[in-house]
Amino acid sequence: MSSNAARGIPWRIPAGPGTLSTLGVVLGVAILMGFLVARSLPAAFALAITPVIPAVLESARGRLLIVVFGGLLVFDSSSGFSGPKVVYAACLVACVAIAWQGSIATMRSGRAAEVRRLAGRACGVMTLVVAAALPVALLNGHSPSLWLRDVAPYIILGVVPILALDAAKKTTARFLAGTLVVAGMLVALSVAVQLISLRGLSSAALEELAILTGFLLPVILFTYACARTIYPRGGGREVLFWSVVAGTIFAALVISGTRASLFLLAVPVAMPLVDGGLSGFRRVVVLVMVAAGMLALVFSIAASAGIATQEITERFQSAVPAVRAPQENGSLSERFIESRVSWEDWQTAPVTGVGPGHVFAWTNDTGAFRRSFTVDSSVSTLAKFGLIGTAGLFVCLVIIARLAYGAGEARGKAALVGLTVWIAAYVVIGNPFEDKGFALGLILLLALSLSESAPFHTRGIANVTPEPAAAAVMR
């Protein structure tokens, strides 16, 4: 092991004409694909900054930051293709290629070879799902640009194991945890500001601050923070820090009036079941107390800032009546109508689906006609990809779960269990798989589960020595 690897210095691309040629070909193909799909000149922007890209891609940290923060910035930045989206697509292709060449391709023996096969299968399965959906979309009259826009989150989901393994091998757990905290906090704040503005809960012009999307990323941060609180490696400082992080995320989502945030209450309760220890349940009590304190603090600050906290409280008070009579609640009724429409569209082509890029159309309870290619229903995935594509998605998720759960760490297992519990509840009223923050958050969560696992380092999979358990609170 080199001294650089032992210190956790990011991996660098070996210098040489072959490496630069490969990188140039990958970037050139990616940019050309973006230009052909967009049928305009957005690739000019990508070409202008291409000389700068290799310097950033040399670092595993740079690759991870490009994928995570680049995705958060460019997704939903516009309804169609734009220069930044083409650049991001090119960088994503390059990051995956470099990660495979530098971190995955060399894993050829023992447990490392098994992990390599799992990562390859996940990527291969989702590649087949996405590629097979293209002719289906074209036969149903959907344009390639609509197809690409719809499959984007699924493409990233397919390369989650590759990018996570690269990050786990070439960076440190402290860096990964810090990236998750920063990204999750920024998205939680942006989502809260956006929903407060959309619901008219504040007279201030807050929508200009909402530049990031990806609701599932703060949820993944919350599950990881709960796991770090319930299964700490350090002392009281670590428990306090991560309980504050979890409480802040919970408060930010509650103050936005998102009733789905109530599902988060089930996350820490399910985590101690991983090992059945009573100490885990005692830390859940600490976590709840800190979250309650953060919620009271955030509500107090929001009231002082002129946000209608009383209306937010009323939204949550209406949650129980809404469950009992969903047809009388506008939001739930709309979601159920969207689920019904998605189900009806799926029945027209149950095996292959109607193809990504499909526009759902329905009339809500007020008589208003709606059209959208994204709806708040997990049935939409079944409608778009059919039984075959949905089965492929399930296989990919199982592989990711197997990698995370197989790492062997209690808190990694706890985070996975908590996230699974939340998703199981959320699929009833939404579609987590098409949320841009889901795949991006999974990259960080899987990377952390692997990086914090002793077997990952002792079985020849990683080439970075793990830090001491109590090196830092973030670690």
# chains A, B, ... in the order shown; residues from 1 in each chain; ligands from 1
$ select_by_dssp --residues "range 96-283 of chain A" --states "helix (DSSP H, G or I)" --output "MDAnalysis selection string"
chainID A and resid 96:104 110:139 144:158 160:170 173:198 207:209 216:230 236:255 259:274 278:283
$ residues_around --residues "range 373-382 of chain A" --least-positions-apart "2" --cutoff "6 Å" --atoms "only C-alpha atoms" --output "PyMOL selection string"
chain A and resi 335+339+342+358-360+384-386+390+427+429-431
$ write_last_selection --atoms "C-alpha atoms" --output "short mmCIF file (atom, residue, chain, number, x, y, z; two decimals), in the first residue's frame"
data_model
loop_
_atom_site.label_atom_id
_atom_site.label_comp_id
_atom_site.auth_asym_id
_atom_site.auth_seq_id
_atom_site.Cartn_x
_atom_site.Cartn_y
_atom_site.Cartn_z
CA ARG A 335 -52.58 11.24 -5.72
CA SER A 339 -52.39 6.17 -9.26
CA SER A 342 -51.16 5.13 -14.05
CA HIS A 358 -45.31 9.08 -21.49
CA VAL A 359 -47.55 11.98 -20.50
CA PHE A 360 -50.26 11.09 -18.01
CA LYS A 384 -43.69 3.33 -17.99
CA PHE A 385 -41.46 0.25 -17.78
CA GLY A 386 -43.95 -2.60 -17.47
CA THR A 390 -39.93 -2.90 -12.93
CA VAL A 427 -44.68 4.42 -2.04
CA ILE A 429 -48.49 8.35 -1.83
CA GLY A 430 -45.42 9.07 -3.98
CA ASN A 431 -42.70 7.69 -6.24
#
$ residues_around --residues "range 297-310 of chain A" --least-positions-apart "5" --cutoff "12 Å" --atoms "only C-alpha atoms" --output "count of residues only"
32
$ closest_residue --among "A:Ala391, A:Ala60, A:Val87, A:Leu180" --to "Leu446 in chain A" --atoms "only C-alpha atoms"
A:Leu180
$ closest_residue --among "A:Pro161, A:Gly355, A:Pro84, A:Gly70" --to "Arg402 in chain A" --atoms "only C-alpha atoms"
A:Pro161
$ closest_atom_pairs --of "range 168-272 of chain A" --to "range 100-113 of chain A" --cutoff "10 Å" --atoms "only C-alpha atoms" --output "CSV"
residue,atom,partner,partner_atom,distance
A:Ala168,CA,A:Ser103,CA,9.6
A:Lys169,CA,A:Ser103,CA,7.2
A:Lys170,CA,A:Ser103,CA,8.1
$ write_last_selection --atoms "N, CA and C atoms" --output "compact mmCIF listing (two decimals), in the first residue's frame"
# COMPACT_ATOMS: atom_id res chain seq x y z
N ALA A 168 -15.76 4.89 -1.81
CA ALA A 168 -15.37 4.19 -0.58
C ALA A 168 -13.90 3.80 -0.60
N LYS A 169 -13.37 3.44 -1.77
CA LYS A 169 -11.98 3.03 -1.88
C LYS A 169 -11.01 4.20 -1.90
N LYS A 170 -11.41 5.31 -2.50
CA LYS A 170 -10.46 6.37 -2.79
C LYS A 170 -10.64 7.63 -1.94
